[in-house]
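Text of my_file-v4.tsv, listed as TSV, C-alpha atoms:
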```
chain	number	residue	atom	x	y	z
N	1	MET	CA	18.23	114.89	68.06
N	2	ILE	CA	20.25	117.77	69.47
N	3	LYS	CA	20.47	118.10	73.25
N	4	PHE	CA	22.66	121.21	73.09
N	5	ALA	CA	25.54	122.80	71.19
N	6	ASP	CA	28.36	124.95	72.60
N	7	VAL	CA	30.40	127.24	70.35
N	8	ILE	CA	33.99	128.46	70.67
N	9	VAL	CA	34.58	131.75	68.87
N	10	ASP	CA	37.73	133.88	68.66
N	11	LEU	CA	37.00	137.52	69.55
N	12	GLN	CA	40.20	138.96	68.07
N	13	ALA	CA	42.32	138.24	65.00
N	14	GLY	CA	43.05	134.59	65.74
N	15	ASP	CA	45.78	132.95	67.82
N	16	THR	CA	43.99	133.53	71.13
N	17	GLY	CA	44.21	129.98	72.48
N	18	LYS	CA	41.03	128.41	71.09
N	19	GLY	CA	42.74	125.03	70.84
N	20	LYS	CA	43.51	125.11	74.54
N	21	VAL	CA	39.87	125.82	75.37
N	22	ALA	CA	38.52	123.19	72.96
N	23	HIS	CA	40.88	120.61	74.44
N	24	ALA	CA	39.86	121.46	78.01
N	25	LEU	CA	36.13	121.35	77.22
N	26	SER	CA	36.43	118.10	75.27
N	27	LYS	CA	38.18	116.50	78.23
N	28	MET	CA	35.10	117.09	80.38
N	29	GLY	CA	33.22	114.29	78.59
N	30	GLU	CA	30.02	116.27	77.92
N	31	TYR	CA	30.11	116.05	74.13
N	32	THR	CA	29.24	113.30	71.65
N	33	HIS	CA	30.69	115.34	68.75
N	34	VAL	CA	33.36	117.99	68.19
N	35	VAL	CA	32.98	119.93	64.92
N	36	ARG	CA	35.29	122.35	63.10
N	37	TYR	CA	32.91	124.87	61.61
N	38	ASN	CA	35.01	127.16	59.39
N	39	GLY	CA	38.35	127.66	57.69
N	40	GLY	CA	41.00	125.23	56.51
N	41	GLY	CA	44.75	124.76	56.67
N	42	ASN	CA	45.27	128.46	57.39
N	43	ALA	CA	44.35	127.71	61.02
N	44	GLY	CA	46.76	126.36	63.61
N	45	HIS	CA	45.43	125.17	66.96
N	46	THR	CA	48.10	124.45	69.55
N	47	ILE	CA	47.17	121.78	72.10
N	48	TYR	CA	49.14	120.52	75.08
N	49	HIS	CA	48.12	116.96	76.02
N	50	ASN	CA	49.85	115.03	78.78
N	51	GLY	CA	52.82	117.39	78.57
N	52	GLU	CA	53.21	117.06	74.78
N	53	LYS	CA	52.56	119.78	72.22
N	54	PHE	CA	50.39	119.08	69.17
N	55	VAL	CA	49.41	121.49	66.41
N	56	THR	CA	46.26	120.77	64.41
N	57	HIS	CA	45.15	122.56	61.25
N	58	PHE	CA	42.09	120.70	59.96
N	59	ILE	CA	41.32	118.07	62.60
N	60	PRO	CA	38.98	118.89	65.52
N	61	CYS	CA	40.59	118.29	68.90
N	62	GLY	CA	37.92	115.75	69.82
N	63	VAL	CA	39.99	112.97	68.26
N	64	ILE	CA	42.53	113.38	71.07
N	65	HIS	CA	39.82	112.31	73.52
N	66	GLY	CA	38.26	109.64	71.30
N	67	ILE	CA	35.22	111.80	70.51
N	68	ARG	CA	33.52	111.56	67.12
N	69	SER	CA	34.91	114.59	65.29
N	70	ILE	CA	33.66	116.13	62.07
N	71	ILE	CA	35.10	118.66	59.66
N	72	GLY	CA	31.90	120.59	58.90
N	73	PRO	CA	30.49	121.94	55.63
N	74	GLY	CA	31.78	125.45	56.32
N	75	CYS	CA	35.35	124.16	56.06
N	76	ILE	CA	37.73	123.31	53.25
N	77	VAL	CA	40.31	120.49	53.22
N	78	ASP	CA	43.65	119.87	51.55
N	79	PRO	CA	43.68	116.02	51.35
N	80	PHE	CA	47.47	115.75	51.27
N	81	LYS	CA	48.03	117.96	54.31
N	82	LEU	CA	45.14	116.29	56.09
N	83	GLU	CA	46.75	112.87	55.65
N	84	SER	CA	50.03	114.23	56.97
N	85	GLU	CA	48.24	115.64	60.01
N	86	ILE	CA	46.47	112.32	60.62
N	87	GLN	CA	49.79	110.48	60.58
N	88	GLU	CA	51.37	112.99	62.95
N	89	LEU	CA	48.57	112.56	65.49
N	90	GLU	CA	48.70	108.79	65.11
N	91	LYS	CA	52.37	108.93	66.05
N	92	GLY	CA	51.19	110.58	69.25
N	93	GLY	CA	49.07	107.52	69.98
N	94	PHE	CA	45.64	108.86	68.99
N	95	ASP	CA	43.03	106.78	67.15
N	96	VAL	CA	42.33	109.36	64.47
N	97	ARG	CA	40.86	107.31	61.61
N	98	ASN	CA	38.09	105.80	63.71
N	99	ASN	CA	37.03	109.18	65.08
N	100	LEU	CA	37.54	111.65	62.22
N	101	PHE	CA	34.88	112.25	59.57
N	102	ILE	CA	34.26	114.86	56.89
N	103	ASP	CA	30.89	116.22	55.85
N	104	LYS	CA	30.14	115.50	52.22
N	105	ARG	CA	29.74	119.23	51.48
N	106	VAL	CA	33.30	120.22	52.48
N	107	HIS	CA	35.23	121.69	49.55
N	108	ILE	CA	38.61	120.37	48.44
N	109	VAL	CA	41.77	122.48	48.16
N	110	LEU	CA	43.42	121.54	44.86
N	111	PRO	CA	47.13	122.06	44.13
N	112	HIS	CA	46.56	124.83	41.59
N	113	TYR	CA	44.57	126.79	44.19
N	114	ILE	CA	47.68	126.82	46.36
N	115	ASP	CA	49.82	127.91	43.39
N	116	GLU	CA	47.44	130.82	42.86
N	117	ASP	CA	47.42	131.75	46.55
N	118	ILE	CA	51.21	131.82	46.69
N	119	LYS	CA	51.13	134.79	44.31
N	120	ASP	CA	49.26	136.96	46.85
N	121	THR	CA	51.28	140.01	47.90
N	122	MET	CA	48.52	142.30	49.22
N	123	ILE	CA	46.67	140.45	51.99
N	124	GLY	CA	49.48	138.38	53.46
N	125	THR	CA	47.65	135.06	53.35
N	126	THR	CA	49.03	131.77	54.66
N	127	LYS	CA	49.42	130.54	51.04
N	128	THR	CA	47.29	127.47	51.79
N	129	GLY	CA	44.79	127.93	48.95
N	130	ASN	CA	41.87	129.08	51.05
N	131	GLY	CA	40.83	132.13	49.05
N	132	PRO	CA	40.67	130.40	45.65
N	133	THR	CA	38.90	127.38	47.16
N	134	TYR	CA	36.17	129.45	48.81
N	135	ARG	CA	35.86	131.59	45.67
N	136	ASN	CA	35.17	128.52	43.56
N	137	LYS	CA	32.77	127.16	46.17
N	138	TYR	CA	30.61	130.25	45.80
N	139	ASN	CA	31.18	130.29	42.06
N	140	ARG	CA	29.67	126.76	42.11
N	141	THR	CA	32.68	125.30	40.33
N	142	GLY	CA	34.42	123.68	43.31
N	143	ILE	CA	34.96	120.01	44.09
N	144	ARG	CA	33.34	118.59	47.21
N	145	ALA	CA	34.49	115.86	49.56
N	146	GLU	CA	31.76	113.44	48.48
N	147	ASP	CA	33.27	113.41	44.97
N	148	TYR	CA	36.91	113.21	45.99
N	149	LEU	CA	37.62	111.52	49.32
N	150	PRO	CA	37.18	107.86	50.40
N	151	GLU	CA	33.60	106.96	51.23
N	152	SER	CA	34.69	105.68	54.63
N	153	MET	CA	35.56	109.24	55.71
N	154	ILE	CA	32.37	110.89	54.47
N	155	VAL	CA	29.27	111.63	56.54
N	156	ASP	CA	26.13	113.73	56.14
N	157	ILE	CA	26.16	116.06	59.14
N	158	TYR	CA	22.36	116.34	59.02
N	159	ASN	CA	22.01	112.63	59.73
N	160	GLU	CA	24.56	112.94	62.53
N	161	PHE	CA	22.57	115.60	64.37
N	162	HIS	CA	18.94	114.97	63.48
N	163	GLY	CA	18.55	111.22	63.89
N	164	THR	CA	17.08	109.34	66.85
N	165	ASN	CA	20.20	109.48	69.06
N	166	GLU	CA	20.65	112.43	71.41
N	167	VAL	CA	23.78	114.44	70.60
N	168	SER	CA	25.71	117.21	72.32
N	169	ILE	CA	28.10	119.20	70.16
N	170	LEU	CA	31.16	121.35	70.67
N	171	PHE	CA	31.76	123.67	67.72
N	172	GLU	CA	35.43	124.61	67.35
N	173	GLY	CA	36.11	127.75	65.30
N	174	ALA	CA	39.16	128.95	63.40
N	175	GLN	CA	40.72	132.38	62.78
N	176	GLY	CA	38.91	135.21	64.58
N	177	PHE	CA	36.15	137.81	64.51
N	178	GLU	CA	38.51	140.56	63.32
N	179	LEU	CA	39.32	138.39	60.29
N	180	ASP	CA	35.70	137.60	59.40
N	181	ILE	CA	34.92	138.17	55.73
N	182	ASP	CA	32.10	140.61	56.63
N	183	TRP	CA	33.05	142.01	60.05
N	184	GLY	CA	36.82	142.19	59.74
N	185	ASP	CA	39.08	144.95	58.42
N	186	TYR	CA	38.32	144.31	54.74
N	187	PRO	CA	40.20	143.37	52.59
N	188	TYR	CA	42.62	142.10	55.28
N	189	VAL	CA	40.31	139.26	56.17
N	190	THR	CA	39.99	135.52	55.74
N	191	SER	CA	37.62	133.87	53.25
N	192	SER	CA	35.18	132.30	55.71
N	193	HIS	CA	32.82	133.43	58.45
N	194	CYS	CA	34.34	133.38	61.94
N	195	THR	CA	31.21	134.06	64.00
N	196	VAL	CA	28.66	131.98	65.88
N	197	GLY	CA	26.49	132.28	62.77
N	198	SER	CA	29.01	130.14	60.92
N	199	ALA	CA	28.58	127.35	63.47
N	200	ILE	CA	24.81	127.42	63.00
N	201	LEU	CA	25.34	126.98	59.27
N	202	ASN	CA	26.87	123.58	60.07
N	203	GLY	CA	23.45	122.04	60.61
N	204	VAL	CA	21.98	123.14	63.95
N	205	PRO	CA	19.10	125.51	64.79
N	206	PRO	CA	19.91	128.68	66.75
N	207	GLN	CA	17.81	127.47	69.68
N	208	SER	CA	20.22	124.60	70.28
N	209	ILE	CA	23.10	126.91	71.29
N	210	ARG	CA	23.65	126.56	75.04
N	211	ASN	CA	26.89	128.42	75.63
N	212	VAL	CA	29.11	130.66	73.52
N	213	PHE	CA	32.73	130.71	74.68
N	214	GLY	CA	34.43	133.89	73.49
N	215	ILE	CA	38.23	133.66	73.52
N	216	ALA	CA	40.65	136.60	73.59
N	217	LYS	CA	44.18	137.41	74.75
N	218	ALA	CA	45.23	140.08	77.24
N	219	TYR	CA	46.84	141.77	74.22
N	220	ARG	CA	46.19	141.39	70.49
N	221	THR	CA	48.14	139.81	67.65
N	222	TYR	CA	47.73	139.73	63.89
N	223	VAL	CA	49.49	137.96	61.03
N	224	GLY	CA	49.22	139.57	57.60
N	225	SER	CA	50.26	142.48	55.41
N	226	LYS	CA	48.52	145.45	57.02
N	227	GLN	CA	50.34	147.61	59.56
N	228	PHE	CA	49.05	146.55	62.97
N	229	GLU	CA	51.93	146.91	65.41
N	230	PRO	CA	52.93	150.39	66.68
N	231	LYS	CA	56.61	151.27	66.70
N	232	SER	CA	57.86	150.38	70.16
N	233	GLU	CA	60.31	147.85	71.55
N	234	VAL	CA	57.69	146.80	74.11
N	235	PHE	CA	55.86	144.83	71.42
N	236	ASP	CA	59.05	142.94	70.58
N	237	GLU	CA	59.23	142.00	74.25
N	238	ILE	CA	55.63	140.78	74.29
N	239	ARG	CA	56.26	138.73	71.16
N	240	GLU	CA	59.26	137.01	72.72
N	241	ILE	CA	57.67	136.43	76.12
N	242	GLY	CA	54.44	135.16	74.57
N	243	GLY	CA	56.07	133.13	71.79
N	244	GLU	CA	53.99	134.97	69.22
N	245	TYR	CA	54.94	133.19	66.02
N	246	GLY	CA	52.35	131.65	63.69
N	247	ALA	CA	51.49	127.98	64.29
N	248	THR	CA	50.83	127.55	60.57
N	249	THR	CA	53.54	129.71	58.94
N	250	GLY	CA	56.01	130.48	61.71
N	251	ARG	CA	55.76	134.16	60.83
N	252	LYS	CA	56.10	136.85	63.48
N	253	ARG	CA	52.73	137.93	64.80
N	254	GLN	CA	52.31	141.69	64.97
N	255	VAL	CA	51.41	142.78	68.50
N	256	ASN	CA	49.27	145.54	69.98
N	257	TRP	CA	47.39	146.25	73.21
N	258	ILE	CA	43.92	144.79	73.77
N	259	ASP	CA	41.23	147.00	72.19
N	260	MET	CA	38.19	147.14	74.46
N	261	ASP	CA	35.86	148.68	71.87
N	262	ASP	CA	36.59	145.85	69.43
N	263	LEU	CA	36.25	143.25	72.19
N	264	ILE	CA	32.84	144.61	73.19
N	265	LYS	CA	31.69	144.64	69.56
N	266	ALA	CA	32.83	141.05	68.98
N	267	SER	CA	31.22	139.90	72.21
N	268	ASN	CA	27.87	141.51	71.43
N	269	ILE	CA	27.65	140.30	67.86
N	270	ASN	CA	28.47	136.73	68.91
N	271	GLY	CA	26.30	136.76	72.03
N	272	VAL	CA	29.15	135.55	74.24
N	273	HIS	CA	28.17	133.91	77.53
N	274	THR	CA	31.59	132.90	78.87
N	275	MET	CA	34.66	135.01	78.06
N	276	ILE	CA	38.14	133.56	78.51
N	277	ILE	CA	41.09	135.95	78.29
N	278	ASN	CA	44.37	134.11	77.87
N	279	LYS	CA	48.02	134.99	78.47
N	280	ILE	CA	47.51	137.59	81.17
N	281	ASP	CA	50.76	136.25	82.63
N	282	VAL	CA	52.67	137.58	79.59
N	283	LEU	CA	51.86	141.14	80.62
N	284	GLU	CA	52.73	140.27	84.21
N	285	LYS	CA	56.19	139.15	83.10
N	286	LEU	CA	56.47	142.30	81.00
N	287	GLY	CA	55.45	144.51	83.92
N	288	GLN	CA	53.10	146.65	81.81
N	289	PHE	CA	49.30	146.47	81.68
N	290	ASN	CA	47.73	148.57	78.94
N	291	SER	CA	44.49	148.60	76.98
N	292	ILE	CA	42.99	150.75	74.24
N	293	VAL	CA	39.68	152.57	74.68
N	294	GLY	CA	38.36	155.00	72.07
N	295	GLY	CA	41.66	154.80	70.21
N	296	SER	CA	43.72	155.92	73.22
N	297	VAL	CA	46.02	153.84	75.40
N	298	VAL	CA	44.89	153.39	79.00
N	299	SER	CA	47.54	152.32	81.54
N	300	HIS	CA	46.79	150.09	84.52
N	301	GLN	CA	49.03	149.77	87.57
N	302	SER	CA	48.71	146.02	88.10
N	303	ARG	CA	47.26	142.81	86.76
N	304	ASN	CA	44.38	143.03	89.24
N	305	GLU	CA	43.59	146.58	88.17
N	306	MET	CA	43.58	145.63	84.49
N	307	GLU	CA	41.40	142.57	85.10
N	308	LYS	CA	38.87	144.64	87.05
N	309	PHE	CA	38.87	147.31	84.33
N	310	ILE	CA	38.14	144.72	81.64
N	311	GLN	CA	35.47	143.02	83.73
N	312	ASP	CA	33.72	146.30	84.49
N	313	MET	CA	33.67	147.36	80.84
N	314	ILE	CA	32.48	143.98	79.56
N	315	TYR	CA	29.76	143.48	82.17
N	316	LYS	CA	28.54	147.05	81.60
N	317	ASN	CA	28.44	146.86	77.79
N	318	CYS	CA	27.87	143.17	76.98
N	319	PRO	CA	24.54	141.99	78.47
N	320	THR	CA	24.92	138.34	77.46
N	321	VAL	CA	28.26	137.81	79.25
N	322	ARG	CA	27.79	135.81	82.46
N	323	GLU	CA	31.39	134.97	83.33
N	324	ILE	CA	34.90	136.26	82.57
N	325	THR	CA	37.94	134.07	83.27
N	326	PHE	CA	41.58	135.17	83.02
N	327	SER	CA	43.95	132.36	82.10
N	328	VAL	CA	47.71	131.94	81.81
N	329	SER	CA	50.29	130.24	79.60
N	330	PRO	CA	51.03	127.69	78.46
N	331	TYR	CA	47.59	126.22	78.28
N	332	ASP	CA	45.80	125.27	81.48
N	333	ILE	CA	42.40	126.68	82.44
```
Can you turn what I pasted into structure tokens?
Amino acid sequence: MIKFADVIVDLQAGDTGKGKVAHALSKMGEYTHVVRYNGGGNAGHTIYHNGEKFVTHFIPCGVIHGIRSIIGPGCIVDPFKLESEIQELEKGGFDVRNNLFIDKRVHIVLPHYIDEDIKDTMIGTTKTGNGPTYRNKYNRTGIRAEDYLPESMIVDIYNEFHGTNEVSILFEGAQGFELDIDWGDYPYVTSSHCTVGSAILNGVPPQSIRNVFGIAKAYRTYVGSKQFEPKSEVFDEIREIGGEYGATTGRKRQVNWIDMDDLIKASNINGVHTMIINKIDVLEKLGQFNSIVGGSVVSHQSRNEMEKFIQDMIYKNCPTVREITFSVSPYDI
């Protein structure tokens, strides 16, 4: 029986600090379950716990707090990389195997899917086999976790949520709205859905959603083949100050100013209640505060002026938003 479900959704093109938010919310002790609801090894969530840095790709951050954590049916899993990730977290002192479970419907990334993905030259994928795995899922020729992984790891997420025990769920998303297979800049998109709708597909009714946390950065980044970064040394400076290199691939993230039209669109489609905008301190160190509205760059004289500008635009155009928080690096809310 579901008491409530909260959803974390990325409002940009990934790498906005979702791991930080998931870690902070999990620490509050409100949730019986933390669930990854989309994507696979192409995600990289950076978490700082007790002063140590951990990067997860498949595993929900709930395991760090001893919360029952599930890789949901909207996800895919590479068993070899998953085992490596489990061992890495165990070295950090976390009881992963007693808290991590995989829904029986999750699809398996096979080695030849990765071989195929490596040949991509157009999209700029992470070469982790996601595209071929999702393709075969929808082609109904894929292999699911229930047929491949140890029975001890497998659960039916329906039984988890719709039994007699009361549950409260934190849904942890991957990638971002601008990479969504339908809403992103096609074809430069990922192979899964990155919206609140994807979380609902993991076994909960829409009425159970209590709070949608929309995560963005005070600027935007993107990793992939399309041209995203304007020609200016200022974006090199932002990249260095913000440490904008991919958690999964180590590639340079292309950088651009925050786009308010895109942020409003992502917020409205996802029904965001609480918006968290990370890394505002990066622009403060840079000494420049810019945004994009209607395709044109708007300059702000200070951090306070930029924050007020963003708040005014969001509150005016996004009726579901109740709160906007600006947060700083490395990862404390």
*Looking at all atoms listed in the file, which of N:Lys127, N:Asn98, N:Ile67, N:Asn317 is the one that sits closest to His112 of chain N?*
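Comparing N:Lys127, N:Asn98, N:Ile67, N:Asn317 against His112 of chain N, the winner is N:Lys127.
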Can I get the residues of segment 207-228 of chain N within 10 Å of segment 187-198 of chain N, each with the closest pair of atoms and their distance in Å to one decimal, using all atoms listed in the file, sorted chain first then ascending number, as a Markdown table?
```
| residue | atom | partner | partner_atom | distance |
| --- | --- | --- | --- | --- |
| N:Ile209 | CA | N:Val196 | CA | 9.3 |
| N:Val212 | CA | N:Val196 | CA | 7.8 |
| N:Phe213 | CA | N:Val196 | CA | 9.8 |
| N:Gly214 | CA | N:Val196 | CA | 9.7 |
| N:Val223 | CA | N:Tyr188 | CA | 9.9 |
| N:Gly224 | CA | N:Tyr188 | CA | 7.4 |
| N:Ser225 | CA | N:Tyr188 | CA | 7.7 |
| N:Lys226 | CA | N:Tyr188 | CA | 7.0 |
```
*What is the distance between atom CA of Ile324 of chain N and atom CA of Ile8 of chain N, in Å to one decimal?*
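These two atoms are separated by 14.3 Å.
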Give one line per residue of segment 37-93 of chain N that approaches segment 143-147 of chain N to at most 10 Å, naming the two atoms of the closest pair and their distance in Å to one decimal, counting only C-alpha atoms; sort by chain then ascending residue number and deliver it as a tab-separated table.
```
residue	atom	partner	partner_atom	distance
N:Pro73	CA	N:Ala145	CA	9.5
N:Ile76	CA	N:Arg144	CA	8.8
N:Val77	CA	N:Ala145	CA	8.3
N:Pro79	CA	N:Ala145	CA	9.4
```
Can I get the residues of segment 92-205 of chain N within 7 Å of segment 33-50 of chain N, each with the closest pair of atoms and their distance in Å to one decimal, using only C-alpha atoms, sorted chain first then ascending number, as CSV?
```
residue,atom,partner,partner_atom,distance
N:Thr126,CA,N:Asn42,CA,5.7
N:Thr128,CA,N:Asn42,CA,6.0
N:Asn130,CA,N:Gly40,CA,6.7
N:Ser168,CA,N:His33,CA,6.4
N:Ile169,CA,N:His33,CA,4.9
N:Leu170,CA,N:Val34,CA,4.7
N:Phe171,CA,N:Val35,CA,4.8
N:Glu172,CA,N:Arg36,CA,4.8
N:Gly173,CA,N:Tyr37,CA,5.7
N:Ala174,CA,N:Ala43,CA,5.8
N:Gln175,CA,N:Ala43,CA,6.2
N:Ser192,CA,N:Gly39,CA,6.0
N:His193,CA,N:Asn38,CA,6.7
N:Cys194,CA,N:Asn38,CA,6.8
N:Ser198,CA,N:Tyr37,CA,6.6
N:Ala199,CA,N:Tyr37,CA,5.3
N:Asn202,CA,N:Tyr37,CA,6.4
```
Restrict the selected residues to C-alpha atoms and save them as a compact mmCIF listing (two decimals), keeping the file's coordinate frame.
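Result file follows (part17.txt):
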```
# COMPACT_ATOMS: atom_id res chain seq x y z
CA THR N 126 49.03 131.77 54.66
CA THR N 128 47.29 127.47 51.79
CA ASN N 130 41.87 129.08 51.05
CA SER N 168 25.71 117.21 72.32
CA ILE N 169 28.10 119.20 70.16
CA LEU N 170 31.16 121.35 70.67
CA PHE N 171 31.76 123.67 67.72
CA GLU N 172 35.43 124.61 67.35
CA GLY N 173 36.11 127.75 65.30
CA ALA N 174 39.16 128.95 63.40
CA GLN N 175 40.72 132.38 62.78
CA SER N 192 35.18 132.30 55.71
CA HIS N 193 32.82 133.43 58.45
CA CYS N 194 34.34 133.38 61.94
CA SER N 198 29.01 130.14 60.92
CA ALA N 199 28.58 127.35 63.47
CA ASN N 202 26.87 123.58 60.07
```
*Counting only C-alpha atoms, which of N:Gly19, N:Gly203, N:Gly142, N:Pro60 gets nearest to Val96 of chain N?*
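Nearest candidate to Val96 of chain N out of N:Gly19, N:Gly203, N:Gly142, N:Pro60: N:Pro60.
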Test item: residues at most 9 Å from Asp262 of chain N, all atoms listed in the file, excluding those fewer than 5 positions along its chain, as a compact mmCIF listing (two decimals) with C-alpha atoms, keeping the file's coordinate frame:
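Everything below was put into part39.txt:
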```txt
# COMPACT_ATOMS: atom_id res chain seq x y z
CA LEU N 11 37.00 137.52 69.55
CA GLN N 12 40.20 138.96 68.07
CA GLU N 178 38.51 140.56 63.32
CA SER N 267 31.22 139.90 72.21
```
*Find the residue from N:Val321, N:Ala22, N:Met122, N:Ile70 that sits nearest to His273 of chain N; use all atoms listed in the file when measuring.*
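Of N:Val321, N:Ala22, N:Met122, N:Ile70, the one nearest His273 of chain N, counting all atoms listed in the file, is N:Val321.
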*Identify which of the residues N:Lys20, N:Arg97, N:Lys104, N:Lys91 lies closest to Gly72 of chain N, counting all atoms listed in the file when measuring atom-to-atom distances.*
N:Lys104
_Env of Thr16 of chain N: 10 Å cut, atoms = all atoms listed in the file, seq-sep filter 6 positions within chain, self excluded. Answer as a list in words._
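Once the adjacent positions are removed, what remains is Val9, Asp10, His45, Gln175, Gly176, Gly214, Ile215, Ala216, Lys217, Ala218, Tyr219, Arg220, Thr221, Ile276, Ile277, Asn278 and Lys279 of chain N.
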*Looking at all atoms listed in the file, which of N:Glu83, N:Asp261, N:Glu88, N:Glu151 is the one that sits closest to Lys53 of chain N?*
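Looking only at the distances to Lys53 of chain N, the closest residue turns out to be N:Glu88.
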_Atom pair atom CA of His300 of chain N / atom CA of Lys285 of chain N: separation (Å)_ = 14.5 Å
*At what distance in Å, to one decimal, does atom CA of Leu25 of chain N lie from atom CA of Ala5 of chain N?*
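According to the coordinates, atom CA of Ala5 of chain N and atom CA of Leu25 of chain N are separated by 12.3 Å.
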*With distances taken over all atoms listed in the file, which of N:His107, N:Trp257, N:Gly66, N:Ile71 is nearest to Arg140 of chain N?*
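Looking only at the distances to Arg140 of chain N, the closest residue turns out to be N:His107.
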*Pick out the residues sitting within 6 Å of Ile154 of chain N, and hand them over as a PyMOL selection string; count all atoms listed in the file, and ignore anything fewer than 4 positions along from it in its own chain.*
chain N and resi 101-104
Can you spit out the residues from that selection as a PDB file, keeping the file's coordinate frame, using C-alpha atoms?
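Writing done, so here's part19.pdb:
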```pdb
ATOM      1  CA  PHE N 101      34.880 112.250  59.570  1.00  0.00           C
ATOM      2  CA  ILE N 102      34.260 114.860  56.890  1.00  0.00           C
ATOM      3  CA  ASP N 103      30.890 116.220  55.850  1.00  0.00           C
ATOM      4  CA  LYS N 104      30.140 115.500  52.220  1.00  0.00           C
TER       5      LYS N 104
END
```
